[in-house]
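S.K.: The structure under discussion is supplied below as structure tokens; questions concerning it will follow.
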Amino acid sequence: MGIDKHISDATPHVVYAFDEGFRYCSVLSAFSVLKHRSAPTRISFVTGCELAGLADAVKALSKAFPQAKLEILVRPELNLDFETGIRVTAASYMRLALSQHFTGRILYLDGDTMARCDIAPLYNTDMQGKAFAAALDAVIERDLYYTDWWLRKTTKDALKPMLKVPHLFDFKRYVNSGVLLMDLKAAMANETAKTVFDIAAAVAFVDEHNLRFQDQDWLNHVATDQIHILAPEWNALWGNHRTNRPPLARARRKAYRNSRKNPGLVHYTTHKKPWQDHGFSISRPARRWDREYKALMAEMTTRLGVELRDSLL
């Protein structure tokens with residue numbers, strides 16, 4: 001699909017890569033991006049196969065936001081198949097394949113994100129010559145304090161494999177890759193950064209050390225020195241609501257303050273997803289972000305004039 005003449009290299013290019021389970025939330029995330037933009041925007045939806053309902057949903061988005069250029073790229077080679085001892089899905093490593101399909105600067109967003117403002121300032125971030133830009137993972141940073149904190153000796157299960165190989169990570173710079181700004185030209189020109197896109201090596205590394213965060217762990221292992229750290233407002237995990245108390249030091253709590261009050265992008269990590277009703281209880285500080293997401297769902301239905309939830313979930 002060609003790109004219209006009003007779409008230039010300076011136009012923010014947002015990319016989603018997902019499988020069937022993230023159809024609805026990825027469309028909703030794109031809606032949240034577009035509702036805050038009046039300028040040209042390019043959005044690419046990358047999948048490993050044709051997904052039911054997606055084409056109609058993207059057509060509805062295009063009608064509502066004529067300033068945007070939306071495209072669906074079906075790439076069967078993203079249906080990865082590795083013989084490992086862990087479950088590997090295409091969605092787990094799709095980010096690492098984006099260099100094969102795009103050039104220049106792209107902003108990769110996980111489907112379970114919600115934009116609350118124009119993403120142009122994020123897209124135009126001065127990356128200081130780095131190939132990647134991402135925000136620190138607030139949950140990982142906070143939970144790592146518990147490993148040494150005298151009030152609690154229990155280590156989160158997800159961290160245990162990482163702590164067995166601490167020499168493989170710089171925990172003070174460990175980022176969440178659900179919001180990942182990539183300068184693919186710079187990445188391809190840098191041998192270290194280019195290694196990030198070696199999917200087979202990434203899968204082998206994660207399998208060898210039984211790591212839980214898959215390509216995110218690989219990125220943090222290989223390319224720490226090639227990652228520019230973004231302000232936490234650009235990737236607030238459930239609004240970073242757990243960063244306002246110990247064990248985080250006072251200075252770190254202060255650093256996260258703006259991301260708690262007015263984040264630019266909220267990221268709904270963990271298995272609790274606001275578009276699904278599984279009877280999960282949500283902590284009081286997180287309810288604000290749950291309400292905002294559900295309000296966005298209702299707004300998208302009204303704006304597009306069609307209910308997409310049933311056809312995409």
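Labels used: A, B, ... for chains in the order of the structure tokens, numbers from 1 for residues in each chain, and numbers from 1 for ligands as shown.
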Determine, for each residue of region 151-262 of chain A having at least one atom at most 7 Å from an atom of region 87-106 of chain A, the closest pair of atoms and their separation in Å to one decimal, counting only C-alpha atoms; order by chain and ascending number, as CSV.
M.R.:
```
residue,atom,partner,partner_atom,distance
A:Leu181,CA,A:Ile106,CA,6.0
A:Met182,CA,A:Ile106,CA,5.4
A:Asp183,CA,A:Arg105,CA,4.4
A:Leu184,CA,A:Gly104,CA,5.2
A:Lys185,CA,A:Gly104,CA,5.4
A:Val196,CA,A:Leu96,CA,6.8
A:Phe197,CA,A:Leu96,CA,4.7
A:Ile199,CA,A:Leu96,CA,6.3
A:Gln214,CA,A:Ser92,CA,6.8
A:Asp215,CA,A:Tyr93,CA,5.8
```
S.K.: Okay, now the selection with C-alpha atoms, as a compact mmCIF listing (two decimals), in the first residue's frame?
M.R.:
```
# COMPACT_ATOMS: atom_id res chain seq x y z
CA LEU A 181 11.28 4.77 19.76
CA MET A 182 13.64 3.36 17.13
CA ASP A 183 16.00 5.08 14.73
CA LEU A 184 16.40 2.16 12.35
CA LYS A 185 19.01 3.93 10.24
CA VAL A 196 19.01 -6.53 18.81
CA PHE A 197 17.21 -7.66 15.64
CA ILE A 199 15.53 -13.01 16.64
CA GLN A 214 11.47 -12.20 26.33
CA ASP A 215 12.58 -9.61 23.76
```
S.K.: Do you know which residues are at most 8 Å from Leu180 (chain A) counting only C-alpha atoms, after dropping those on the same chain fewer than 6 positions away, and could you put them as a list in words?
M.R.: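 My reading of the contact set: Leu107, Tyr108, Leu109, Phe132, Ala133 and Ala134 of chain A.
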S.K.: Considering only C-alpha atoms, can you say which of A:Leu34, A:Ala189, A:Leu136, A:Cys25 comes closest to Tyr256 (chain A)?
M.R.: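 Ranking A:Leu34, A:Ala189, A:Leu136, A:Cys25 by distance to Tyr256 (chain A), first place goes to A:Leu136.
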S.K.: Within 8 Å of Asn240 (chain A), counting only C-alpha atoms, which residues qualify if same-chain residues fewer than 5 places away don't, as an mmCIF file with C-alpha atoms, in the first residue's frame?
M.R.:
```cif
data_model
loop_
_atom_site.group_PDB
_atom_site.id
_atom_site.type_symbol
_atom_site.label_atom_id
_atom_site.label_comp_id
_atom_site.auth_asym_id
_atom_site.auth_seq_id
_atom_site.Cartn_x
_atom_site.Cartn_y
_atom_site.Cartn_z
ATOM 1 C CA ALA A 138 8.937 1.437 36.987
ATOM 2 C CA VAL A 139 7.687 -1.937 38.215
ATOM 3 C CA TYR A 256 7.938 9.702 38.837
ATOM 4 C CA SER A 259 3.968 10.371 35.318
ATOM 5 C CA ARG A 260 1.509 9.650 38.130
#
```
S.K.: Return the single residue from A:Gly53, A:Ile43, A:Glu292, A:Tyr268 that is closest to Ser311 (chain A), with distances computed using only C-alpha atoms.
M.R.: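 Looking only at the distances to Ser311 (chain A), the closest residue turns out to be A:Gly53.
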S.K.: Which one is closest to Val179 (chain A): A:Cys117, A:Leu28, A:Met297, A:Ala231? Count only C-alpha atoms.
M.R.: A:Ala231
S.K.: Taking the chain letters and numbering used in this document, name the residues of region 81-144 of chain A that DSSP puts in alpha helix (DSSP H), as a VMD selection string.
M.R.: chain A and resid 90 to 93 120 to 123 138 to 144
S.K.: Give me, as a PyMOL selection string, all polymer residues having an atom no more than 10 Å from Arg116 (chain A), counting only C-alpha atoms and skipping those fewer than 2 positions away in the same chain.
M.R.: chain A and resi 32-33+35-36+113-114+118-119+234+262-266+292
S.K.: Would you export the selected residues with C-alpha atoms as a PDB file, in the first residue's frame, please?
M.R.:
```pdb
ATOM      1  CA  SER A  32      -6.175   7.401  21.255  1.00  0.00           C
ATOM      2  CA  VAL A  33      -3.132   8.518  19.264  1.00  0.00           C
ATOM      3  CA  LYS A  35      -7.746  11.821  18.637  1.00  0.00           C
ATOM      4  CA  HIS A  36      -4.915  14.027  19.892  1.00  0.00           C
ATOM      5  CA  THR A 113      -1.249   1.549  25.629  1.00  0.00           C
ATOM      6  CA  MET A 114      -3.405   4.669  25.715  1.00  0.00           C
ATOM      7  CA  ASP A 118      -0.095  14.435  21.134  1.00  0.00           C
ATOM      8  CA  ILE A 119       2.721  11.921  20.607  1.00  0.00           C
ATOM      9  CA  TRP A 234       5.865   8.428  28.125  1.00  0.00           C
ATOM     10  CA  ASN A 262      -0.510  13.467  34.027  1.00  0.00           C
ATOM     11  CA  PRO A 263       1.156  10.769  31.920  1.00  0.00           C
ATOM     12  CA  GLY A 264       1.361  11.123  28.161  1.00  0.00           C
ATOM     13  CA  LEU A 265       1.028   7.375  27.596  1.00  0.00           C
ATOM     14  CA  VAL A 266      -0.520   4.891  30.013  1.00  0.00           C
ATOM     15  CA  GLU A 292     -10.217   6.523  31.579  1.00  0.00           C
TER      16      GLU A 292
END
```
S.K.: Of the residues A:Arg142, A:Lys273, A:Lys261, A:Lys164, which is the one nearest to Arg288 (chain A), using only C-alpha atoms?
M.R.: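 Ranked by minimum distance to Arg288 (chain A), first place goes to A:Lys261.
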S.K.: Of the residues A:Thr125, A:Asn79, A:Ser44, A:Asn220, which is the one nearest to Phe171 (chain A), using only C-alpha atoms?
M.R.: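 For Phe171 (chain A), the nearest of the given residues is A:Asn220.
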S.K.: Measuring atom to atom with only C-alpha atoms, identify which of A:Ala286, A:Ala68, A:Leu54, A:Ile229 is nearest to Ala39 (chain A).
M.R.: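 Residue with the minimum atom-to-atom distance to Ala39 (chain A): A:Ala68.
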